[in-house]
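File shown: protein-v3.pdb (PDB, C-alpha atoms and all ligand atoms).
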ATOM      1  CA  MET A   1      21.823   2.492  15.421
ATOM      2  CA  ALA A   2      19.599   1.905  12.418
ATOM      3  CA  LYS A   3      19.433   4.459   9.635
ATOM      4  CA  LEU A   4      15.869   5.737   9.425
ATOM      5  CA  ILE A   5      14.114   5.324   6.103
ATOM      6  CA  ASP A   6      12.378   8.658   5.670
ATOM      7  CA  GLY A   7       9.051   8.048   3.936
ATOM      8  CA  LEU A   8       8.098  11.720   4.126
ATOM      9  CA  LEU A   9      11.249  12.802   2.326
ATOM     10  CA  VAL A  10      10.938  10.174  -0.414
ATOM     11  CA  SER A  11       7.215  10.930  -0.762
ATOM     12  CA  GLN A  12       7.907  14.604  -1.302
ATOM     13  CA  HIS A  13      10.526  13.765  -3.908
ATOM     14  CA  ILE A  14       8.065  11.539  -5.800
ATOM     15  CA  LYS A  15       5.217  14.034  -5.402
ATOM     16  CA  ASN A  16       7.362  16.643  -7.180
ATOM     17  CA  ILE A  17       7.789  14.249 -10.101
ATOM     18  CA  VAL A  18       4.047  13.443 -10.123
ATOM     19  CA  LYS A  19       3.235  17.166 -10.061
ATOM     20  CA  ASN A  20       5.358  17.673 -13.190
ATOM     21  CA  ASP A  21       3.656  14.719 -14.855
ATOM     22  CA  VAL A  22       0.254  16.222 -14.031
ATOM     23  CA  SER A  23       1.330  19.576 -15.546
ATOM     24  CA  THR A  24       2.360  17.799 -18.745
ATOM     25  CA  LEU A  25      -1.043  16.073 -18.916
ATOM     26  CA  LEU A  26      -2.849  19.374 -18.250
ATOM     27  CA  SER A  27      -0.907  20.990 -21.084
ATOM     28  CA  LYS A  28      -2.398  18.309 -23.380
ATOM     29  CA  GLY A  29      -5.896  19.162 -22.087
ATOM     30  CA  ILE A  30      -6.103  16.024 -19.926
ATOM     31  CA  LYS A  31      -7.205  16.568 -16.318
ATOM     32  CA  PRO A  32      -6.280  13.550 -14.156
ATOM     33  CA  CYS A  33      -9.137  12.752 -11.802
ATOM     34  CA  LEU A  34      -9.392  10.301  -8.914
ATOM     35  CA  ALA A  35     -12.801   9.146  -7.640
ATOM     36  CA  THR A  36     -12.831   8.010  -4.010
ATOM     37  CA  VAL A  37     -15.634   5.770  -2.776
ATOM     38  CA  LEU A  38     -16.177   5.601   0.972
ATOM     39  CA  VAL A  39     -18.920   3.372   2.359
ATOM     40  CA  GLY A  40     -20.146   3.909   5.909
ATOM     41  CA  ASP A  41     -18.820   6.072   8.706
ATOM     42  CA  ASN A  42     -15.643   4.316   9.836
ATOM     43  CA  GLN A  43     -13.579   7.178  11.280
ATOM     44  CA  ALA A  44     -10.181   5.748  10.296
ATOM     45  CA  SER A  45     -11.344   5.112   6.708
ATOM     46  CA  ALA A  46     -12.765   8.649   6.469
ATOM     47  CA  THR A  47      -9.402  10.063   7.595
ATOM     48  CA  TYR A  48      -7.498   7.932   5.043
ATOM     49  CA  VAL A  49      -9.787   9.118   2.243
ATOM     50  CA  LYS A  50      -9.472  12.750   3.306
ATOM     51  CA  ASN A  51      -5.657  12.467   3.369
ATOM     52  CA  LYS A  52      -5.668  10.901  -0.088
ATOM     53  CA  GLN A  53      -7.854  13.717  -1.442
ATOM     54  CA  ILE A  54      -5.629  16.403   0.093
ATOM     55  CA  ALA A  55      -2.535  14.709  -1.338
ATOM     56  CA  ALA A  56      -4.178  14.483  -4.778
ATOM     57  CA  SER A  57      -5.063  18.194  -4.750
ATOM     58  CA  SER A  58      -1.490  19.059  -3.732
ATOM     59  CA  VAL A  59      -0.185  17.671  -7.044
ATOM     60  CA  GLY A  60      -3.053  19.003  -9.191
ATOM     61  CA  ILE A  61      -5.106  15.794  -9.443
ATOM     62  CA  LEU A  62      -8.859  16.441  -9.351
ATOM     63  CA  THR A  63     -10.961  14.385  -6.946
ATOM     64  CA  ARG A  64     -14.578  13.229  -6.872
ATOM     65  CA  ASP A  65     -15.864  12.325  -3.453
ATOM     66  CA  PHE A  66     -18.484   9.545  -3.097
ATOM     67  CA  ARG A  67     -19.711   8.976   0.462
ATOM     68  CA  LEU A  68     -22.227   6.181   0.658
ATOM     69  CA  SER A  69     -24.409   4.922   3.414
ATOM     70  CA  GLN A  70     -23.357   1.928   5.548
ATOM     71  CA  ASP A  71     -26.416  -0.029   4.412
ATOM     72  CA  ILE A  72     -25.893   0.411   0.653
ATOM     73  CA  THR A  73     -26.722  -2.761  -1.293
ATOM     74  CA  GLN A  74     -24.383  -4.716  -3.561
ATOM     75  CA  GLU A  75     -26.523  -3.664  -6.515
ATOM     76  CA  GLU A  76     -26.421   0.051  -5.669
ATOM     77  CA  LEU A  77     -22.663   0.046  -5.162
ATOM     78  CA  SER A  78     -22.135  -1.947  -8.375
ATOM     79  CA  LYS A  79     -24.143   0.667 -10.287
ATOM     80  CA  ILE A  80     -21.955   3.506  -8.962
ATOM     81  CA  ILE A  81     -18.767   1.636  -9.899
ATOM     82  CA  GLU A  82     -20.153   0.956 -13.381
ATOM     83  CA  GLU A  83     -20.941   4.656 -13.863
ATOM     84  CA  LEU A  84     -17.414   5.592 -12.799
ATOM     85  CA  ASN A  85     -15.962   2.936 -15.104
ATOM     86  CA  TYR A  86     -17.660   4.629 -18.059
ATOM     87  CA  ASP A  87     -17.109   8.240 -16.958
ATOM     88  CA  GLU A  88     -14.506   9.661 -19.354
ATOM     89  CA  ASN A  89     -13.519  12.338 -16.862
ATOM     90  CA  VAL A  90     -12.548   9.821 -14.152
ATOM     91  CA  HIS A  91      -9.152   8.102 -14.490
ATOM     92  CA  GLY A  92      -8.741   6.370 -11.151
ATOM     93  CA  ILE A  93     -11.260   4.663  -8.854
ATOM     94  CA  LEU A  94     -10.391   4.010  -5.237
ATOM     95  CA  ILE A  95     -12.793   1.930  -3.151
ATOM     96  CA  GLN A  96     -11.765   2.423   0.454
ATOM     97  CA  LEU A  97     -11.573  -0.846   2.392
ATOM     98  CA  PRO A  98     -12.962  -2.386   4.529
ATOM     99  CA  LEU A  99     -16.460  -2.623   3.074
ATOM    100  CA  PRO A 100     -19.547  -3.546   5.123
ATOM    101  CA  ASP A 101     -20.420  -7.253   5.456
ATOM    102  CA  GLN A 102     -23.362  -7.174   2.999
ATOM    103  CA  ILE A 103     -20.939  -6.268   0.162
ATOM    104  CA  GLU A 104     -18.984  -9.070  -1.526
ATOM    105  CA  PRO A 105     -15.242  -8.304  -1.182
ATOM    106  CA  SER A 106     -14.874  -9.256  -4.873
ATOM    107  CA  ILE A 107     -16.767  -6.074  -5.817
ATOM    108  CA  THR A 108     -13.359  -4.371  -6.163
ATOM    109  CA  ASN A 109     -12.891  -6.610  -9.188
ATOM    110  CA  MET A 110     -15.633  -4.654 -10.963
ATOM    111  CA  VAL A 111     -13.365  -1.628 -11.298
ATOM    112  CA  ARG A 112     -12.221  -1.253 -14.894
ATOM    113  CA  HIS A 113      -8.619  -2.484 -14.817
ATOM    114  CA  GLU A 114      -7.263   0.658 -16.486
ATOM    115  CA  LYS A 115      -8.729   2.706 -13.581
ATOM    116  CA  ASP A 116      -7.705   0.259 -10.858
ATOM    117  CA  VAL A 117      -5.330   2.591  -8.985
ATOM    118  CA  ASP A 118      -5.216   0.218  -5.994
ATOM    119  CA  GLY A 119      -3.987  -2.591  -8.267
ATOM    120  CA  LEU A 120      -6.403  -5.071  -6.695
ATOM    121  CA  THR A 121      -8.313  -6.427  -9.688
ATOM    122  CA  SER A 122      -7.587  -9.968 -10.827
ATOM    123  CA  TYR A 123      -6.269  -8.516 -14.079
ATOM    124  CA  ASN A 124      -3.647  -6.318 -12.430
ATOM    125  CA  LEU A 125      -2.699  -8.949  -9.831
ATOM    126  CA  GLY A 126      -2.411 -11.444 -12.696
ATOM    127  CA  LEU A 127      -0.003  -9.190 -14.609
ATOM    128  CA  LEU A 128       2.044  -8.861 -11.437
ATOM    129  CA  LEU A 129       2.208 -12.658 -11.135
ATOM    130  CA  GLU A 130       3.336 -12.902 -14.749
ATOM    131  CA  GLY A 131       6.110 -10.395 -14.058
ATOM    132  CA  THR A 132       4.655  -7.688 -16.323
ATOM    133  CA  PRO A 133       2.842  -5.462 -13.803
ATOM    134  CA  LYS A 134       1.052  -2.235 -14.735
ATOM    135  CA  LEU A 135      -0.962  -0.897 -11.784
ATOM    136  CA  ILE A 136       0.680  -2.251  -8.610
ATOM    137  CA  PRO A 137      -0.938  -2.143  -5.128
ATOM    138  CA  CYS A 138       0.193   1.075  -3.429
ATOM    139  CA  THR A 139       1.891  -0.214  -0.265
ATOM    140  CA  PRO A 140       4.092  -2.809  -2.028
ATOM    141  CA  LEU A 141       4.921  -0.230  -4.708
ATOM    142  CA  GLY A 142       5.850   2.288  -1.994
ATOM    143  CA  ILE A 143       8.242  -0.209  -0.401
ATOM    144  CA  LEU A 144       9.932  -0.813  -3.773
ATOM    145  CA  GLU A 145      10.377   2.954  -4.155
ATOM    146  CA  LEU A 146      11.965   3.152  -0.697
ATOM    147  CA  LEU A 147      14.351   0.315  -1.568
ATOM    148  CA  ASP A 148      15.321   2.138  -4.756
ATOM    149  CA  PHE A 149      15.778   5.515  -3.074
ATOM    150  CA  TYR A 150      18.066   4.041  -0.408
ATOM    151  CA  LYS A 151      19.798   1.837  -3.017
ATOM    152  CA  ILE A 152      19.013  -1.345  -1.124
ATOM    153  CA  ASP A 153      19.522  -4.338  -3.395
ATOM    154  CA  VAL A 154      17.448  -7.364  -2.346
ATOM    155  CA  LYS A 155      19.050  -9.778  -4.826
ATOM    156  CA  GLY A 156      19.798 -13.060  -3.069
ATOM    157  CA  ILE A 157      18.796 -11.864   0.403
ATOM    158  CA  ASP A 158      16.351 -13.670   2.699
ATOM    159  CA  VAL A 159      13.175 -11.647   3.237
ATOM    160  CA  ALA A 160      10.461 -12.440   5.797
ATOM    161  CA  ILE A 161       7.013 -10.961   5.153
ATOM    162  CA  ILE A 162       4.669 -11.197   8.124
ATOM    163  CA  ASN A 163       1.382 -10.831   6.236
ATOM    164  CA  ARG A 164      -0.339 -12.725   3.437
ATOM    165  CA  SER A 165      -3.079 -10.336   2.324
ATOM    166  CA  ASN A 166      -3.790  -9.456  -1.309
ATOM    167  CA  LEU A 167      -3.272  -5.799  -0.389
ATOM    168  CA  VAL A 168       0.216  -6.100   1.122
ATOM    169  CA  GLY A 169       1.968  -9.452   1.602
ATOM    170  CA  LYS A 170       1.229 -11.456  -1.524
ATOM    171  CA  PRO A 171       1.945  -8.762  -4.141
ATOM    172  CA  LEU A 172       4.997  -7.573  -2.210
ATOM    173  CA  GLY A 173       6.373 -11.109  -2.051
ATOM    174  CA  ILE A 174       6.042 -11.543  -5.814
ATOM    175  CA  LEU A 175       7.639  -8.171  -6.516
ATOM    176  CA  LEU A 176      10.615  -8.927  -4.257
ATOM    177  CA  MET A 177      10.983 -12.400  -5.737
ATOM    178  CA  ASN A 178      11.044 -10.753  -9.171
ATOM    179  CA  ARG A 179      14.015  -8.776  -7.793
ATOM    180  CA  ASP A 180      15.694 -12.097  -6.914
ATOM    181  CA  ALA A 181      15.055 -12.032  -3.153
ATOM    182  CA  THR A 182      14.251 -15.304  -1.384
ATOM    183  CA  VAL A 183      10.876 -14.678   0.216
ATOM    184  CA  THR A 184       9.158 -16.438   3.132
ATOM    185  CA  PHE A 185       5.606 -15.568   4.226
ATOM    186  CA  PHE A 186       4.507 -15.729   7.867
ATOM    187  CA  HIS A 187       0.943 -15.406   9.139
ATOM    188  CA  SER A 188      -1.268 -16.104  12.143
ATOM    189  CA  LYS A 189      -0.931 -19.866  11.784
ATOM    190  CA  SER A 190       2.871 -19.907  11.324
ATOM    191  CA  ARG A 191       4.848 -21.676  14.058
ATOM    192  CA  GLY A 192       7.920 -20.393  15.894
ATOM    193  CA  ILE A 193       7.981 -17.010  14.153
ATOM    194  CA  GLU A 194       9.958 -15.272  16.924
ATOM    195  CA  ASP A 195      12.915 -17.686  16.697
ATOM    196  CA  ARG A 196      12.882 -18.047  12.927
ATOM    197  CA  LEU A 197      12.981 -14.309  12.172
ATOM    198  CA  LYS A 198      16.633 -14.122  13.338
ATOM    199  CA  ASN A 199      17.635 -15.862  10.099
ATOM    200  CA  PHE A 200      16.352 -13.085   7.848
ATOM    201  CA  ASP A 201      18.245 -10.192   6.261
ATOM    202  CA  CYS A 202      15.044  -8.200   5.816
ATOM    203  CA  ILE A 203      11.756  -8.305   7.741
ATOM    204  CA  ILE A 204       8.581  -6.640   6.508
ATOM    205  CA  THR A 205       5.895  -6.745   9.152
ATOM    206  CA  ALA A 206       2.226  -5.865   8.518
ATOM    207  CA  VAL A 207       0.142  -7.360  11.320
ATOM    208  CA  GLY A 208      -1.455  -4.236  12.799
ATOM    209  CA  ASP A 209      -2.144  -5.634  16.259
ATOM    210  CA  ARG A 210       0.672  -5.178  18.763
ATOM    211  CA  GLU A 211      -1.024  -7.439  21.263
ATOM    212  CA  LYS A 212      -0.844 -10.324  18.814
ATOM    213  CA  PHE A 213       2.588  -9.548  17.437
ATOM    214  CA  THR A 214       5.322  -7.024  18.210
ATOM    215  CA  LEU A 215       8.741  -7.263  16.582
ATOM    216  CA  THR A 216      11.395  -6.811  19.271
ATOM    217  CA  GLY A 217      15.178  -6.504  19.042
ATOM    218  CA  ASN A 218      15.821 -10.069  20.249
ATOM    219  CA  MET A 219      13.998 -11.427  17.137
ATOM    220  CA  VAL A 220      16.173  -9.444  14.720
ATOM    221  CA  LYS A 221      19.505 -10.357  13.160
ATOM    222  CA  ASP A 222      22.276  -7.730  13.426
ATOM    223  CA  GLY A 223      22.140  -5.442  10.408
ATOM    224  CA  ALA A 224      18.680  -6.547   9.234
ATOM    225  CA  ILE A 225      16.545  -4.192   7.128
ATOM    226  CA  ILE A 226      13.127  -3.610   8.709
ATOM    227  CA  PHE A 227       9.954  -2.244   7.126
ATOM    228  CA  ASP A 228       7.092  -1.586   9.523
ATOM    229  CA  VAL A 229       3.752  -1.507   7.707
ATOM    230  CA  GLY A 230       1.353  -2.370  10.544
ATOM    231  CA  ILE A 231      -0.842   0.248  12.160
ATOM    232  CA  THR A 232      -2.221  -0.016  15.676
ATOM    233  CA  ARG A 233      -4.091   2.896  17.250
ATOM    234  CA  ILE A 234      -3.276   3.343  20.930
ATOM    235  CA  ASN A 235      -4.852   6.278  22.805
ATOM    236  CA  GLY A 236      -5.346   8.152  19.537
ATOM    237  CA  LYS A 237      -1.712   7.632  18.528
ATOM    238  CA  ILE A 238      -0.496   5.526  15.634
ATOM    239  CA  ARG A 239       2.022   2.764  16.401
ATOM    240  CA  GLY A 240       3.611   0.205  14.124
ATOM    241  CA  ASP A 241       4.377  -3.496  14.735
ATOM    242  CA  VAL A 242       7.965  -2.704  15.735
ATOM    243  CA  ASP A 243       9.354  -1.999  19.182
ATOM    244  CA  PHE A 244      11.363   0.947  17.950
ATOM    245  CA  GLU A 245      13.904   1.227  20.784
ATOM    246  CA  SER A 246      15.145  -2.367  20.793
ATOM    247  CA  VAL A 247      14.915  -2.935  17.020
ATOM    248  CA  SER A 248      16.733   0.293  16.096
ATOM    249  CA  GLU A 249      19.765  -0.976  18.063
ATOM    250  CA  LYS A 250      20.006  -4.076  15.857
ATOM    251  CA  ALA A 251      18.736  -3.056  12.408
ATOM    252  CA  SER A 252      20.728  -1.368   9.645
ATOM    253  CA  TYR A 253      17.633   0.349   8.192
ATOM    254  CA  LEU A 254      14.241   0.921   9.790
ATOM    255  CA  THR A 255      11.021   2.675   8.739
ATOM    256  CA  PRO A 256       9.477   4.758  11.534
ATOM    257  CA  VAL A 257       5.727   4.854  12.251
ATOM    258  CA  PRO A 258       4.432   7.398  11.472
ATOM    259  CA  GLY A 259       6.571   8.781   8.642
ATOM    260  CA  GLY A 260       7.746   5.552   6.986
ATOM    261  CA  VAL A 261       5.599   3.361   4.748
ATOM    262  CA  GLY A 262       2.322   5.285   5.361
ATOM    263  CA  PRO A 263       3.115   8.435   3.355
ATOM    264  CA  MET A 264       4.492   6.272   0.552
ATOM    265  CA  THR A 265       1.187   4.406   0.240
ATOM    266  CA  VAL A 266      -0.665   7.689  -0.314
ATOM    267  CA  THR A 267       1.928   8.977  -2.767
ATOM    268  CA  MET A 268       1.814   5.753  -4.791
ATOM    269  CA  LEU A 269      -1.925   6.299  -5.226
ATOM    270  CA  LEU A 270      -1.102   9.609  -6.922
ATOM    271  CA  LYS A 271       1.572   7.958  -9.054
ATOM    272  CA  ASN A 272      -0.889   5.233 -10.053
ATOM    273  CA  THR A 273      -3.548   7.829 -10.917
ATOM    274  CA  VAL A 274      -1.167   9.508 -13.352
ATOM    275  CA  TYR A 275      -0.202   6.080 -14.720
ATOM    276  CA  ALA A 276      -3.886   5.206 -15.199
ATOM    277  CA  THR A 277      -4.572   8.559 -16.876
ATOM    278  CA  ARG A 278      -1.792   7.816 -19.338
ATOM    279  CA  ILE A 279      -3.084   4.278 -20.035
ATOM    280  CA  ILE A 280      -6.594   5.583 -20.710
ATOM    281  CA  ASN A 281      -5.280   8.319 -22.998
ATOM    282  CA  LYS A 282      -2.917   5.884 -24.749
ATOM    283  CA  ILE A 283       0.195   7.795 -23.686
ATOM    284  CA  ASP A 284       3.343   5.696 -23.227
ATOM    285  CA  ASN A 285       4.109   5.085 -19.526
ATOM    286  CA  ASN A 286       7.782   4.188 -20.058
TER     287      ASN A 286
HETATM  288  N1  LIG A 301       1.279   1.948   6.410
HETATM  289  C1  LIG A 301       0.477   1.782   5.375
HETATM  290  O1  LIG A 301       0.490   2.512   4.415
HETATM  291  C2  LIG A 301      -0.435   0.609   5.355
HETATM  292  C3  LIG A 301      -1.038   0.200   4.165
HETATM  293  C4  LIG A 301      -1.833  -0.954   4.176
HETATM  294  C5  LIG A 301      -2.034  -1.610   5.361
HETATM  295  N2  LIG A 301      -1.470  -1.126   6.507
HETATM  296  C6  LIG A 301      -1.636  -1.809   7.780
HETATM  297  O2  LIG A 301      -0.995  -3.067   7.677
HETATM  298  C7  LIG A 301      -1.698  -4.000   8.473
HETATM  299  C8  LIG A 301      -2.100  -5.160   7.595
HETATM  300  O3  LIG A 301      -3.026  -4.746   6.625
HETATM  301  P1  LIG A 301      -3.849  -5.823   5.786
HETATM  302  O4  LIG A 301      -4.875  -5.115   5.022
HETATM  303  O5  LIG A 301      -2.905  -6.699   5.055
HETATM  304  O6  LIG A 301      -4.564  -6.589   6.993
HETATM  305  P2  LIG A 301      -4.857  -8.122   7.244
HETATM  306  O7  LIG A 301      -5.409  -8.725   6.011
HETATM  307  O8  LIG A 301      -5.630  -8.187   8.495
HETATM  308  O9  LIG A 301      -3.411  -8.756   7.472
HETATM  309  C9  LIG A 301      -2.839  -8.986   8.710
HETATM  310  C10 LIG A 301      -1.853 -10.122   8.551
HETATM  311  O10 LIG A 301      -1.231 -10.344   9.813
HETATM  312  C11 LIG A 301      -1.252 -11.758  10.081
HETATM  313  N3  LIG A 301      -1.231 -12.001  11.510
HETATM  314  C12 LIG A 301      -2.211 -11.771  12.406
HETATM  315  N4  LIG A 301      -1.806 -12.138  13.645
HETATM  316  C13 LIG A 301      -0.559 -12.615  13.503
HETATM  317  C14 LIG A 301       0.386 -13.152  14.411
HETATM  318  N5  LIG A 301       0.126 -13.277  15.718
HETATM  319  N6  LIG A 301       1.582 -13.531  13.929
HETATM  320  C15 LIG A 301       1.869 -13.411  12.622
HETATM  321  N7  LIG A 301       1.017 -12.916  11.710
HETATM  322  C16 LIG A 301      -0.189 -12.526  12.158
HETATM  323  C17 LIG A 301      -2.532 -12.235   9.443
HETATM  324  O11 LIG A 301      -2.477 -13.631   9.259
HETATM  325  P3  LIG A 301      -3.729 -14.447   8.620
HETATM  326  O12 LIG A 301      -3.638 -14.224   7.157
HETATM  327  O13 LIG A 301      -3.478 -15.850   9.032
HETATM  328  O14 LIG A 301      -4.976 -13.859   9.230
HETATM  329  C18 LIG A 301      -2.549 -11.430   8.147
HETATM  330  O15 LIG A 301      -1.824 -12.074   7.120
HETATM  331  C19 LIG A 301      -2.856  -3.225   9.099
HETATM  332  O16 LIG A 301      -2.448  -2.731  10.346
HETATM  333  C20 LIG A 301      -3.043  -2.067   8.148
HETATM  334  O17 LIG A 301      -3.640  -0.950   8.795
HETATM  335  C21 LIG A 301      -0.680  -0.045   6.518
END

Is it possible to express this structure as structure tokens?
Amino acid sequence: MAKLIDGLLVSQHIKNIVKNDVSTLLSKGIKPCLATVLVGDNQASATYVKNKQIAASSVGILTRDFRLSQDITQEELSKIIEELNYDENVHGILIQLPLPDQIEPSITNMVRHEKDVDGLTSYNLGLLLEGTPKLIPCTPLGILELLDFYKIDVKGIDVAIINRSNLVGKPLGILLMNRDATVTFFHSKSRGIEDRLKNFDCIITAVGDREKFTLTGNMVKDGAIIFDVGITRINGKIRGDVDFESVSEKASYLTPVPGGVGPMTVTMLLKNTVYATRIINKIDNN
């Protein structure tokens, strides 16, 4: 049976460290503050933002809550981001995705790179490509933390990432390659995924639609390490991409859903907010 990778446990451990870091900043008169920007009334997005705010408060990070109407214009949203960019009391800016269709997705690139706690600006993604990352997208960063906590070395191993988004797959692939893994990306147009996955030592799946793709035990090599990032809502319950029963019989490590990668993503936002606060206040992050 697979060993479960406990995202709640690791999150709590990291939150304790972040809480200490926040106390140190407070003792210098610096109050880390995260601004969250939620556009529209998507229920899932509202829940994510609320959870992020609660988590921030739990470690002493202040939050500013911006809830904007679904029909906000590009210009209006740009103005709000600009104001937050220049607000000395705001250290991190989170723009909850997805945004409505009238907003250019590239608007996230307007966030000042020092406050880009989601790590999605061209600047921060560029640093990641160069191998000198600063603010790293939260989900990939959370997976690296899980690998470190469980002392899983990816050097030389074959990793399959089923996702190629800027938020998850691409940055994660670069980060793992920088750790000397051999990385292959799969996506909706890839052929023969089911048969090919058996060749991989580690599979990271982030599809989020179990009807389109579910990872089952017969696709998994004995002893493979599995990270389940995908989220599908079924009858109000959250499920991952993985068929837990069959995969847990084959894998050596497996992240459950819920309680695996999800809590890490939220905790990495807190870690990034402290990191951003230090950058802005010219305090060494090493
Ligand atoms: N647990 C967490 O903390 C966390 C954090 C972030 C995201 N997520 C979840 O992770 C999932 C992905 O998020 P995202 O923002 O990256 O979404 P996304 O951009 O929609 O990515 C989905 C990926 O799955 C691929 N895909 C779709 N159908 C497929 C199929 N049949 N076979 C193989 N690949 C297929 C897509 O390929 P194409 O590129 O060809 O379309 C795409 O690369 C979502 O469920 C999201 O909710 C969870």

Query raised in the report: How would you write, as a PyMOL selection string, the set of residues no farther than 9 Å from ligand LIG 301 (chain A) when counting all atoms listed in the file?
Result: chain A and resi 97-98+138-140+142+162-169+185-191+193+205-214+228-232+240-241+257-266

Requested in this report: Step by step, work through what the PyMOL selection byres (((chain A and resi 13-23) around 10) and not hetatm) selects in the shown file, and finish by giving those residues as JSON, numbers by chain.
Outcome: {"A": [7, 8, 9, 10, 11, 12, 24, 25, 26, 27, 28, 29, 30, 31, 32, 55, 56, 57, 58, 59, 60, 61, 145, 149, 264, 267, 268, 270, 271, 272, 273, 274, 275, 277, 278]}

**Report entry** Near-A:Val117 list (7 Å; all atoms listed in the file; drop same-chain fewer than 6 positions) as a count of residues only
**Finding:** 8

I need every residue sitting at most 7 Å from the point (16.2, -2.1, 6.1) (coordinates as in the file, only C-alpha atoms considered), written as a JSON list (two decimals) with C-alpha atoms, keeping the file's coordinate frame.
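To be explicit, this is the file written out as part-v7.json:
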[["chain", "number", "residue", "atom", "x", "y", "z"],
["A", 202, "CYS", "CA", 15.04, -8.20, 5.82],
["A", 224, "ALA", "CA", 18.68, -6.55, 9.23],
["A", 225, "ILE", "CA", 16.55, -4.19, 7.13],
["A", 226, "ILE", "CA", 13.13, -3.61, 8.71],
["A", 227, "PHE", "CA", 9.95, -2.24, 7.13],
["A", 251, "ALA", "CA", 18.74, -3.06, 12.41],
["A", 252, "SER", "CA", 20.73, -1.37, 9.64],
["A", 253, "TYR", "CA", 17.63, 0.35, 8.19],
["A", 254, "LEU", "CA", 14.24, 0.92, 9.79]]

Report task. Measuring atom to atom with all atoms listed in the file, identify which of A:Thr255, A:Thr36, A:Ile279, A:Asn109 is nearest to A:Leu146. Result ->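 So, comparing all the options, the nearest one is A:Thr255.
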
Query raised in the report: For this file, the PyMOL selection byres (((chain A and resi 172) around 9) and not hetatm) selects which residues, as a PyMOL selection string?
Result: chain A and resi 137+139-141+143-144+161+167-171+173-177

Edge lengths and centre in Å to one decimal, as JSON, is what I'm after for the box along x, y and z that holds all listed atoms of stretch 139-148 of chain A once 3 Å is added on each side.
{"center_x": 8.6, "center_y": 0.2, "center_z": -2.5, "size_x": 19.4, "size_y": 12.0, "size_z": 10.5}

Report task. Have a look at A:Val247, A:Ala44, A:Val220, A:Ile280 and name the one nearest to A:Arg233; count all atoms listed in the file. Result ->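 Going through A:Val247, A:Ala44, A:Val220, A:Ile280 one by one, the smallest distance to A:Arg233 is for A:Ala44.
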
Report task. Quick one: everything within 12 Å of A:Asp222, counting only C-alpha atoms, minus sequence neighbours fewer than 6 positions away in the same chain. Send it as a PyMOL selection string. Result -> chain A and resi 1-2+197-203+246-253

Take the residues just selected and output them with C-alpha atoms as a PDB file, keeping the file's coordinate frame.
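This went into part-v2.pdb:
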ATOM      1  CA  MET A   1      21.823   2.492  15.421  1.00  0.00           C
ATOM      2  CA  ALA A   2      19.599   1.905  12.418  1.00  0.00           C
ATOM      3  CA  LEU A 197      12.981 -14.309  12.172  1.00  0.00           C
ATOM      4  CA  LYS A 198      16.633 -14.122  13.338  1.00  0.00           C
ATOM      5  CA  ASN A 199      17.635 -15.862  10.099  1.00  0.00           C
ATOM      6  CA  PHE A 200      16.352 -13.085   7.848  1.00  0.00           C
ATOM      7  CA  ASP A 201      18.245 -10.192   6.261  1.00  0.00           C
ATOM      8  CA  CYS A 202      15.044  -8.200   5.816  1.00  0.00           C
ATOM      9  CA  ILE A 203      11.756  -8.305   7.741  1.00  0.00           C
ATOM     10  CA  SER A 246      15.145  -2.367  20.793  1.00  0.00           C
ATOM     11  CA  VAL A 247      14.915  -2.935  17.020  1.00  0.00           C
ATOM     12  CA  SER A 248      16.733   0.293  16.096  1.00  0.00           C
ATOM     13  CA  GLU A 249      19.765  -0.976  18.063  1.00  0.00           C
ATOM     14  CA  LYS A 250      20.006  -4.076  15.857  1.00  0.00           C
ATOM     15  CA  ALA A 251      18.736  -3.056  12.408  1.00  0.00           C
ATOM     16  CA  SER A 252      20.728  -1.368   9.645  1.00  0.00           C
ATOM     17  CA  TYR A 253      17.633   0.349   8.192  1.00  0.00           C
TER      18      TYR A 253
END

Query raised in the report: In Å to one decimal, how far is atom CA of A:Ile107 from atom CA of A:Val39?
Result: 12.7 Å

Query raised in the report: Do you know which residues lie at most 10 Å from (10.8, -6.3, -13.3), with coordinates as in the file and all atoms listed in the file counted, and could you write them as JSON, numbers by chain?
Result: {"A": [128, 131, 132, 133, 175, 176, 177, 178, 179, 180]}

Report summary line: One decimal place gives the atom CA of A:Leu34-atom CA of A:Asp71 separation as 24.0 Å

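Checking A:Ile103, A:Leu127, A:Ile54, A:Ala35 one by one against A:Asn85, counting all atoms listed in the file, you find the shortest gap at A:Ala35.
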
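If only C-alpha atoms are the atoms counted, then among A:Arg239, A:Val37, A:Val49, A:Glu83 the closest residue to A:Phe66 is A:Val37.
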
Query raised in the report: Of the candidates A:Ser122, A:Asn218, A:Gln96, A:Gln74, which shows the shortest atom-to-atom distance to A:Asn42, using all atoms listed in the file?
Result: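 Closest to A:Asn42 of all the choices is A:Gln96.
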
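Across the model, the gap from atom CA of A:Pro256 to atom CA of A:Asp158 is 21.6 Å.
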
Query - Using only C-alpha atoms: which of A:Asp65, A:Glu114, A:Asp101, A:Glu75 has the shortest distance to A:Glu88 - result: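 Under the stated criterion, the closest residue is A:Glu114.
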
Query raised in the report: Can you list, as a PyMOL selection string, every protein, DNA or RNA residue that comes within 9 Å of A:Met110 when you count only C-alpha atoms, leaving out same-chain residues fewer than 2 positions away?
Result: chain A and resi 78+81-82+85+106-108+112-113+121
